[in-house]
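Pasted below: upload18.tsv, TSV, C-alpha atoms and all ligand atoms.
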chain	number	residue	atom	x	y	z
A	1	MET	CA	18.50	-8.62	-10.03
A	2	GLN	CA	16.79	-12.01	-10.13
A	3	THR	CA	13.28	-12.01	-8.69
A	4	THR	CA	12.80	-14.76	-6.13
A	5	PHE	CA	9.79	-13.50	-4.22
A	6	LYS	CA	6.20	-14.52	-4.77
A	7	ILE	CA	3.17	-12.23	-4.54
A	8	ARG	CA	-0.16	-13.77	-3.48
A	9	ARG	CA	-3.31	-13.11	-1.50
A	10	PHE	CA	-3.18	-13.16	2.30
A	11	GLU	CA	-4.35	-16.37	3.99
A	12	PRO	CA	-5.26	-16.67	7.70
A	13	PRO	CA	-2.07	-18.65	8.63
A	14	ASP	CA	-0.04	-15.58	7.49
A	15	LEU	CA	-1.47	-13.41	10.26
A	16	GLU	CA	1.38	-13.73	12.76
A	17	GLN	CA	4.08	-12.95	10.18
A	18	VAL	CA	2.09	-10.03	8.80
A	19	MET	CA	1.65	-8.59	12.31
A	20	HIS	CA	5.36	-9.09	12.97
A	21	THR	CA	6.22	-7.20	9.77
A	22	ASN	CA	3.81	-4.42	10.71
A	23	ARG	CA	5.28	-4.05	14.22
A	24	THR	CA	8.84	-4.16	12.87
A	25	CYS	CA	8.32	-1.51	10.21
A	26	LEU	CA	5.64	0.93	11.35
A	27	PRO	CA	4.46	2.77	14.48
A	28	GLU	CA	0.83	2.31	13.41
A	29	ASN	CA	-0.04	-1.16	14.74
A	30	TYR	CA	-3.39	-2.94	14.74
A	31	SER	CA	-5.20	-5.75	16.52
A	32	SER	CA	-5.50	-9.22	14.97
A	33	PHE	CA	-9.24	-8.48	14.64
A	34	PHE	CA	-8.47	-5.45	12.47
A	35	PHE	CA	-6.28	-7.45	10.06
A	36	THR	CA	-8.75	-10.34	9.92
A	37	ASP	CA	-11.70	-8.03	9.36
A	38	LEU	CA	-10.03	-6.38	6.35
A	39	TYR	CA	-9.14	-9.80	4.95
A	40	LYS	CA	-12.73	-11.03	5.28
A	41	ARG	CA	-14.25	-7.93	3.72
A	42	PHE	CA	-11.67	-7.26	0.99
A	43	PRO	CA	-9.65	-10.44	0.34
A	44	ALA	CA	-8.58	-9.32	-3.15
A	45	THR	CA	-6.70	-6.32	-1.73
A	46	PHE	CA	-4.87	-8.00	1.15
A	47	ILE	CA	-1.67	-9.16	-0.50
A	48	VAL	CA	1.55	-10.64	0.87
A	49	GLY	CA	5.08	-11.02	-0.47
A	50	GLU	CA	6.72	-14.35	0.28
A	51	GLU	CA	10.37	-15.39	0.10
A	52	ASN	CA	11.30	-19.06	0.66
A	53	GLY	CA	7.96	-19.70	2.34
A	54	LYS	CA	8.31	-16.74	4.69
A	55	VAL	CA	6.01	-13.72	4.57
A	56	VAL	CA	8.28	-10.67	4.29
A	57	GLY	CA	5.82	-7.98	3.23
A	58	TYR	CA	2.14	-7.14	3.02
A	59	ALA	CA	-0.30	-4.51	1.79
A	60	MET	CA	-3.90	-4.23	2.92
A	61	CYS	CA	-6.74	-1.97	1.91
A	62	ARG	CA	-10.34	-0.98	2.41
A	63	ILE	CA	-12.86	-0.02	-0.26
A	64	GLU	CA	-14.70	3.18	0.61
A	65	ARG	CA	-17.29	5.42	-1.02
A	66	GLY	CA	-16.30	9.03	-1.41
A	67	ILE	CA	-15.89	12.11	-3.51
A	68	PRO	CA	-13.41	11.47	-6.31
A	69	SER	CA	-10.10	13.32	-6.39
A	70	PHE	CA	-10.39	13.54	-10.16
A	71	LYS	CA	-13.02	14.94	-12.52
A	72	ILE	CA	-15.86	12.44	-12.16
A	73	LEU	CA	-19.25	13.62	-10.95
A	74	GLY	CA	-20.96	12.00	-7.94
A	75	LEU	CA	-19.66	9.50	-5.41
A	76	THR	CA	-17.27	6.78	-6.44
A	77	LYS	CA	-15.67	3.69	-4.95
A	78	LYS	CA	-12.12	4.32	-3.85
A	79	GLY	CA	-9.45	1.86	-2.72
A	80	HIS	CA	-7.76	3.08	0.46
A	81	LEU	CA	-4.31	1.65	1.14
A	82	ILE	CA	-4.38	1.15	4.91
A	83	SER	CA	-0.91	-0.28	5.46
A	84	ILE	CA	2.10	-1.57	3.52
A	85	ALA	CA	5.46	-2.77	4.79
A	86	VAL	CA	8.40	-4.92	3.73
A	87	LEU	CA	10.85	-6.27	6.31
A	88	PRO	CA	14.07	-4.17	6.25
A	89	GLU	CA	16.35	-6.96	5.01
A	90	TYR	CA	14.01	-7.56	2.03
A	91	GLN	CA	13.52	-3.94	1.04
A	92	ARG	CA	14.70	-2.40	-2.23
A	93	ARG	CA	14.13	-5.57	-4.24
A	94	GLY	CA	10.85	-4.61	-5.90
A	95	ILE	CA	8.53	-6.25	-3.37
A	96	GLY	CA	6.79	-3.01	-2.35
A	97	TYR	CA	6.21	-2.13	-5.99
A	98	ALA	CA	4.84	-5.61	-6.75
A	99	LEU	CA	2.52	-5.50	-3.70
A	100	MET	CA	1.11	-2.16	-4.82
A	101	ARG	CA	0.53	-3.38	-8.38
A	102	GLU	CA	-1.34	-6.39	-7.04
A	103	VAL	CA	-3.56	-4.44	-4.63
A	104	MET	CA	-4.50	-2.06	-7.43
A	105	GLN	CA	-5.49	-5.03	-9.61
A	106	GLY	CA	-7.57	-6.31	-6.69
A	107	MET	CA	-9.28	-2.92	-6.29
A	108	LEU	CA	-10.66	-3.28	-9.83
A	109	LEU	CA	-12.63	-6.35	-8.68
A	110	TYR	CA	-14.44	-4.02	-6.25
A	111	GLU	CA	-14.97	-1.47	-9.05
A	112	ALA	CA	-12.77	1.17	-7.43
A	113	THR	CA	-11.98	4.07	-9.76
A	114	GLU	CA	-9.09	5.42	-7.73
A	115	CYS	CA	-6.50	4.35	-5.17
A	116	PHE	CA	-5.50	6.69	-2.35
A	117	LEU	CA	-3.34	6.64	0.78
A	118	GLU	CA	-1.79	8.74	3.51
A	119	VAL	CA	1.98	8.89	3.98
A	120	ARG	CA	4.23	10.77	6.42
A	121	VAL	CA	5.69	13.83	4.75
A	122	SER	CA	9.15	12.61	5.90
A	123	ASN	CA	8.78	9.10	4.41
A	124	THR	CA	10.87	9.59	1.29
A	125	ALA	CA	11.11	5.87	0.48
A	126	ALA	CA	7.33	5.41	0.44
A	127	ILE	CA	6.66	8.70	-1.38
A	128	ASN	CA	9.16	7.69	-4.08
A	129	LEU	CA	7.47	4.29	-4.40
A	130	TYR	CA	4.03	5.86	-4.82
A	131	GLU	CA	5.29	8.46	-7.30
A	132	LYS	CA	6.92	5.69	-9.33
A	133	LEU	CA	3.45	4.08	-9.45
A	134	GLY	CA	1.84	7.28	-10.75
A	135	PHE	CA	0.47	8.66	-7.46
A	136	ARG	CA	0.43	12.41	-6.97
A	137	ILE	CA	0.04	14.52	-3.82
A	138	VAL	CA	-3.56	15.76	-3.56
A	139	ARG	CA	-3.22	17.72	-0.31
A	140	THR	CA	-1.59	17.77	3.12
A	141	LYS	CA	-3.44	16.50	6.22
A	142	ARG	CA	-2.15	18.52	9.15
A	143	SER	CA	-1.10	16.59	12.32
A	144	TYR	CA	-2.52	13.37	10.90
A	145	TYR	CA	-0.24	11.07	12.89
A	146	ALA	CA	-0.17	10.47	16.64
A	147	ASN	CA	3.19	12.27	16.98
A	148	GLY	CA	1.79	15.35	15.24
A	149	GLU	CA	3.46	14.75	11.88
A	150	ASP	CA	1.60	15.82	8.73
A	151	ALA	CA	0.51	13.35	6.06
A	152	TYR	CA	0.33	13.74	2.31
A	153	LEU	CA	-2.87	12.43	0.82
A	154	MET	CA	-1.74	10.78	-2.41
A	155	SER	CA	-3.97	9.35	-5.10
A	156	ARG	CA	-4.04	7.91	-8.59
A	157	LYS	CA	-6.72	6.84	-11.02
A	158	LEU	CA	-7.44	3.21	-11.69
A	159	PRO	CA	-6.95	1.02	-13.62
A	160	PHE	CA	-3.23	0.73	-13.18
A	161	THR	CA	-1.74	-0.29	-16.50
A	162	SER	CA	1.79	1.08	-16.46
A	163	MET	CA	3.75	3.99	-15.11
A	164	GLU	CA	1.76	6.45	-17.22
A	165	PRO	CA	1.46	9.92	-15.68
A	166	LEU	CA	-1.89	11.10	-14.31
A	167	SER	CA	-3.95	13.11	-16.75
B	1	LIG	C1	7.97	1.81	1.56
B	1	LIG	C2	8.36	0.33	1.44
B	1	LIG	C3	7.11	-0.54	1.58
B	1	LIG	C4	8.97	0.10	0.05
B	1	LIG	O1	9.19	-1.30	-0.12
B	1	LIG	P1	10.37	-1.88	-1.01
B	1	LIG	O2	10.08	-3.32	-1.24
B	1	LIG	O3	11.69	-1.53	-0.42
B	1	LIG	O4	10.17	-1.04	-2.36
B	1	LIG	P2	10.72	-1.41	-3.82
B	1	LIG	O5	11.98	-2.18	-3.74
B	1	LIG	O6	9.60	-1.99	-4.60
B	1	LIG	O7	11.05	0.05	-4.39
B	1	LIG	C5	10.26	0.68	-5.37
B	1	LIG	C6	10.65	2.15	-5.46
B	1	LIG	O8	10.39	2.81	-4.22
B	1	LIG	C7	11.39	3.81	-3.98
B	1	LIG	N1	12.15	3.47	-2.78
B	1	LIG	C8	12.08	2.34	-2.07
B	1	LIG	N2	12.92	2.38	-1.00
B	1	LIG	C9	13.54	3.58	-1.06
B	1	LIG	C10	14.52	4.21	-0.25
B	1	LIG	N3	15.03	3.61	0.85
B	1	LIG	N4	14.92	5.45	-0.58
B	1	LIG	C11	14.42	6.08	-1.66
B	1	LIG	N5	13.50	5.52	-2.50
B	1	LIG	C12	13.06	4.28	-2.19
B	1	LIG	C13	12.27	3.82	-5.21
B	1	LIG	O9	11.69	4.71	-6.15
B	1	LIG	C14	12.13	2.39	-5.69
B	1	LIG	O10	12.43	2.23	-7.04
B	1	LIG	P3	13.97	1.92	-7.47
B	1	LIG	O11	14.44	0.76	-6.63
B	1	LIG	O12	13.85	1.62	-8.93
B	1	LIG	O13	14.74	3.18	-7.16
B	1	LIG	C15	9.44	-0.05	2.50
B	1	LIG	O14	10.48	0.91	2.46
B	1	LIG	C16	8.90	-0.15	3.92
B	1	LIG	O15	8.37	-1.18	4.32
B	1	LIG	N6	9.06	0.93	4.70
B	1	LIG	C17	8.61	0.92	6.10
B	1	LIG	C18	7.10	0.93	6.20
B	1	LIG	C19	6.50	2.13	5.50
B	1	LIG	O16	7.02	3.23	5.54
B	1	LIG	N7	5.35	1.91	4.84
B	1	LIG	C20	4.65	2.95	4.12
B	1	LIG	C21	3.71	3.66	5.01
B	1	LIG	S1	2.76	4.87	4.09
The structure given in the file should be rewritten as structure tokens.
Amino acid sequence: MQTTFKIRRFEPPDLEQVMHTNRTCLPENYSSFFFTDLYKRFPATFIVGEENGKVVGYAMCRIERGIPSFKILGLTKKGHLISIAVLPEYQRRGIGYALMREVMQGMLLYEATECFLEVRVSNTAAINLYEKLGFRIVRTKRSYYANGEDAYLMSRKLPFTSMEPLS
């Protein structure tokens, strides 16, 4: 299929369309302050997908310090995917994959050695996307979501170069 979308960093005028996409696609919604704060602190990992000048998807992250999921001693910087969504009518065209590639490139600018996220155990579409990108399930977080559903904690090492499996 021909690729017509564009992937770029979030800019403040995108806020309304990003919040609309978030509310349309996910039950976890945030204030405008929350979005703007992540953009100001980590602009290289707040990415949008645009089609004909319209924002149709986004991914945003936070860089955190923590214990690595892989065999590195000591604390490390980790990129935490906070939220990703693509409007339903634009899904299944590679936008989610392209957003994730771009945020993982951005995480390298903050010297993150790993990217991790939480995902509903029932969210097959998202789990497939992350597995295609080399993420693996690290563990289950019981009753992580407001409705009591469990989350998988998924992670992969950075840098992201291809679809190589985790070592
Ligand atoms: C998850 C989401 C962001 C994927 O976006 P997308 O642009 O449709 O994803 P892509 O087109 O890049 O798909 C990449 C891969 O993801 C997987 N995938 C995507 N949608 C899928 C679906 N409906 N069913 C099964 N696998 C799916 C496939 O492996 C796909 O590769 P393929 O097309 O070669 O089979 C999108 O479905 C979405 O916004 N969902 C609602 C919000 C959400 O659940 N966010 C994640 C919260 S953790």
Closest atom pairs, residues of chain A within 10 Å of ligand LIG 1 (chain B), only C-alpha atoms and all ligand atoms, as JSON lines:
{"residue": "A:Thr21", "atom": "CA", "partner": "B:LIG1", "partner_atom": "O15", "distance": 8.4}
{"residue": "A:Asn22", "atom": "CA", "partner": "B:LIG1", "partner_atom": "C18", "distance": 7.7}
{"residue": "A:Arg23", "atom": "CA", "partner": "B:LIG1", "partner_atom": "C18", "distance": 9.6}
{"residue": "A:Thr24", "atom": "CA", "partner": "B:LIG1", "partner_atom": "C17", "distance": 8.5}
{"residue": "A:Cys25", "atom": "CA", "partner": "B:LIG1", "partner_atom": "C17", "distance": 4.8}
{"residue": "A:Leu26", "atom": "CA", "partner": "B:LIG1", "partner_atom": "C18", "distance": 5.4}
{"residue": "A:Pro27", "atom": "CA", "partner": "B:LIG1", "partner_atom": "C18", "distance": 8.9}
{"residue": "A:Glu28", "atom": "CA", "partner": "B:LIG1", "partner_atom": "C21", "distance": 9.0}
{"residue": "A:Gly49", "atom": "CA", "partner": "B:LIG1", "partner_atom": "O2", "distance": 9.2}
{"residue": "A:Val56", "atom": "CA", "partner": "B:LIG1", "partner_atom": "O2", "distance": 9.4}
{"residue": "A:Gly57", "atom": "CA", "partner": "B:LIG1", "partner_atom": "O15", "distance": 7.3}
{"residue": "A:Tyr58", "atom": "CA", "partner": "B:LIG1", "partner_atom": "C3", "distance": 8.4}
{"residue": "A:Ala59", "atom": "CA", "partner": "B:LIG1", "partner_atom": "C3", "distance": 8.4}
{"residue": "A:Leu81", "atom": "CA", "partner": "B:LIG1", "partner_atom": "S1", "distance": 8.3}
{"residue": "A:Ile82", "atom": "CA", "partner": "B:LIG1", "partner_atom": "S1", "distance": 8.1}
{"residue": "A:Ser83", "atom": "CA", "partner": "B:LIG1", "partner_atom": "C21", "distance": 6.1}
{"residue": "A:Ile84", "atom": "CA", "partner": "B:LIG1", "partner_atom": "N7", "distance": 4.9}
{"residue": "A:Ala85", "atom": "CA", "partner": "B:LIG1", "partner_atom": "O15", "distance": 3.3}
{"residue": "A:Val86", "atom": "CA", "partner": "B:LIG1", "partner_atom": "O15", "distance": 3.8}
{"residue": "A:Leu87", "atom": "CA", "partner": "B:LIG1", "partner_atom": "O15", "distance": 6.0}
{"residue": "A:Pro88", "atom": "CA", "partner": "B:LIG1", "partner_atom": "O15", "distance": 6.7}
{"residue": "A:Glu89", "atom": "CA", "partner": "B:LIG1", "partner_atom": "O3", "distance": 9.0}
{"residue": "A:Tyr90", "atom": "CA", "partner": "B:LIG1", "partner_atom": "O2", "distance": 6.6}
{"residue": "A:Gln91", "atom": "CA", "partner": "B:LIG1", "partner_atom": "O3", "distance": 3.4}
{"residue": "A:Arg92", "atom": "CA", "partner": "B:LIG1", "partner_atom": "O5", "distance": 3.1}
{"residue": "A:Arg93", "atom": "CA", "partner": "B:LIG1", "partner_atom": "O5", "distance": 4.0}
{"residue": "A:Gly94", "atom": "CA", "partner": "B:LIG1", "partner_atom": "O6", "distance": 3.2}
{"residue": "A:Ile95", "atom": "CA", "partner": "B:LIG1", "partner_atom": "O2", "distance": 3.9}
{"residue": "A:Gly96", "atom": "CA", "partner": "B:LIG1", "partner_atom": "O2", "distance": 3.5}
{"residue": "A:Tyr97", "atom": "CA", "partner": "B:LIG1", "partner_atom": "O6", "distance": 3.7}
{"residue": "A:Ala98", "atom": "CA", "partner": "B:LIG1", "partner_atom": "O6", "distance": 6.4}
{"residue": "A:Leu99", "atom": "CA", "partner": "B:LIG1", "partner_atom": "O6", "distance": 8.0}
{"residue": "A:Met100", "atom": "CA", "partner": "B:LIG1", "partner_atom": "O6", "distance": 8.5}
{"residue": "A:Arg101", "atom": "CA", "partner": "B:LIG1", "partner_atom": "O6", "distance": 9.9}
{"residue": "A:Leu117", "atom": "CA", "partner": "B:LIG1", "partner_atom": "S1", "distance": 7.2}
{"residue": "A:Glu118", "atom": "CA", "partner": "B:LIG1", "partner_atom": "S1", "distance": 6.0}
{"residue": "A:Val119", "atom": "CA", "partner": "B:LIG1", "partner_atom": "S1", "distance": 4.1}
{"residue": "A:Arg120", "atom": "CA", "partner": "B:LIG1", "partner_atom": "S1", "distance": 6.5}
{"residue": "A:Val121", "atom": "CA", "partner": "B:LIG1", "partner_atom": "S1", "distance": 9.4}
{"residue": "A:Ser122", "atom": "CA", "partner": "B:LIG1", "partner_atom": "O16", "distance": 9.6}
{"residue": "A:Asn123", "atom": "CA", "partner": "B:LIG1", "partner_atom": "O16", "distance": 6.2}
{"residue": "A:Thr124", "atom": "CA", "partner": "B:LIG1", "partner_atom": "C11", "distance": 5.8}
{"residue": "A:Ala125", "atom": "CA", "partner": "B:LIG1", "partner_atom": "C12", "distance": 3.7}
{"residue": "A:Ala126", "atom": "CA", "partner": "B:LIG1", "partner_atom": "C1", "distance": 3.8}
{"residue": "A:Ile127", "atom": "CA", "partner": "B:LIG1", "partner_atom": "C7", "distance": 7.3}
{"residue": "A:Asn128", "atom": "CA", "partner": "B:LIG1", "partner_atom": "O9", "distance": 4.4}
{"residue": "A:Leu129", "atom": "CA", "partner": "B:LIG1", "partner_atom": "O8", "distance": 3.3}
{"residue": "A:Tyr130", "atom": "CA", "partner": "B:LIG1", "partner_atom": "O8", "distance": 7.1}
{"residue": "A:Glu131", "atom": "CA", "partner": "B:LIG1", "partner_atom": "O9", "distance": 7.5}
{"residue": "A:Lys132", "atom": "CA", "partner": "B:LIG1", "partner_atom": "O9", "distance": 5.8}
{"residue": "A:Leu133", "atom": "CA", "partner": "B:LIG1", "partner_atom": "C6", "distance": 8.5}
{"residue": "A:Ala151", "atom": "CA", "partner": "B:LIG1", "partner_atom": "S1", "distance": 9.0}
{"residue": "A:Tyr152", "atom": "CA", "partner": "B:LIG1", "partner_atom": "S1", "distance": 9.4}
{"residue": "A:Leu153", "atom": "CA", "partner": "B:LIG1", "partner_atom": "S1", "distance": 10.0}
{"residue": "A:Met154", "atom": "CA", "partner": "B:LIG1", "partner_atom": "S1", "distance": 9.9}
Would you mind listing, for every residue of segment 95-125 of chain A within 10 Å of segment 67-70 of chain A, the two atoms forming the shortest contact and the distance between them in Å to one decimal, using all atoms listed in the file, sorted by chain and ascending residue number, as a Markdown table?
| residue | atom | partner | partner_atom | distance |
| --- | --- | --- | --- | --- |
| A:Thr113 | CA | A:Pro68 | CA | 8.3 |
| A:Glu114 | CA | A:Pro68 | CA | 7.6 |
| A:Cys115 | CA | A:Ser69 | CA | 9.7 |
| A:Phe116 | CA | A:Ser69 | CA | 9.0 |
Can you write out the residues you just picked, keeping C-alpha atoms, as a PDB file, in the coordinates of the input?
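So the final result, stored in again-v2.pdb, reads:
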ATOM      1  CA  THR A 113     -11.980   4.070  -9.760  1.00  0.00           C
ATOM      2  CA  GLU A 114      -9.090   5.420  -7.730  1.00  0.00           C
ATOM      3  CA  CYS A 115      -6.500   4.350  -5.170  1.00  0.00           C
ATOM      4  CA  PHE A 116      -5.500   6.690  -2.350  1.00  0.00           C
TER       5      PHE A 116
END
### Task
Compare A:Ile137, A:Leu75, A:Val18, A:Ile7 by their minimum atom-to-atom distance to Glu102 of chain A, counting all atoms listed in the file, and give me the closest one.
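For Glu102 of chain A, the nearest of the given residues is A:Ile7.
If you look at atom CA of Arg41 of chain A and atom CA of Phe10 of chain A, they are 12.3 Å away from each other.
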#### Entry: Distance in Å - atom CA of Thr4 of chain A versus atom CA of Phe160 of chain A
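Computing the Euclidean distance for atom CA of Thr4 of chain A and atom CA of Phe160 of chain A yields 23.4 Å.
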### Query
Which residues, written as an NGL selection string, have at least one atom at most 12 Å from Arg9 of chain A, with all atoms listed in the file counted and residues fewer than 5 positions away on the same chain left out?
:A and (14-15 or 39-40 or 42-50 or 55 or 57-60 or 99 or 102-103 or 105-106)
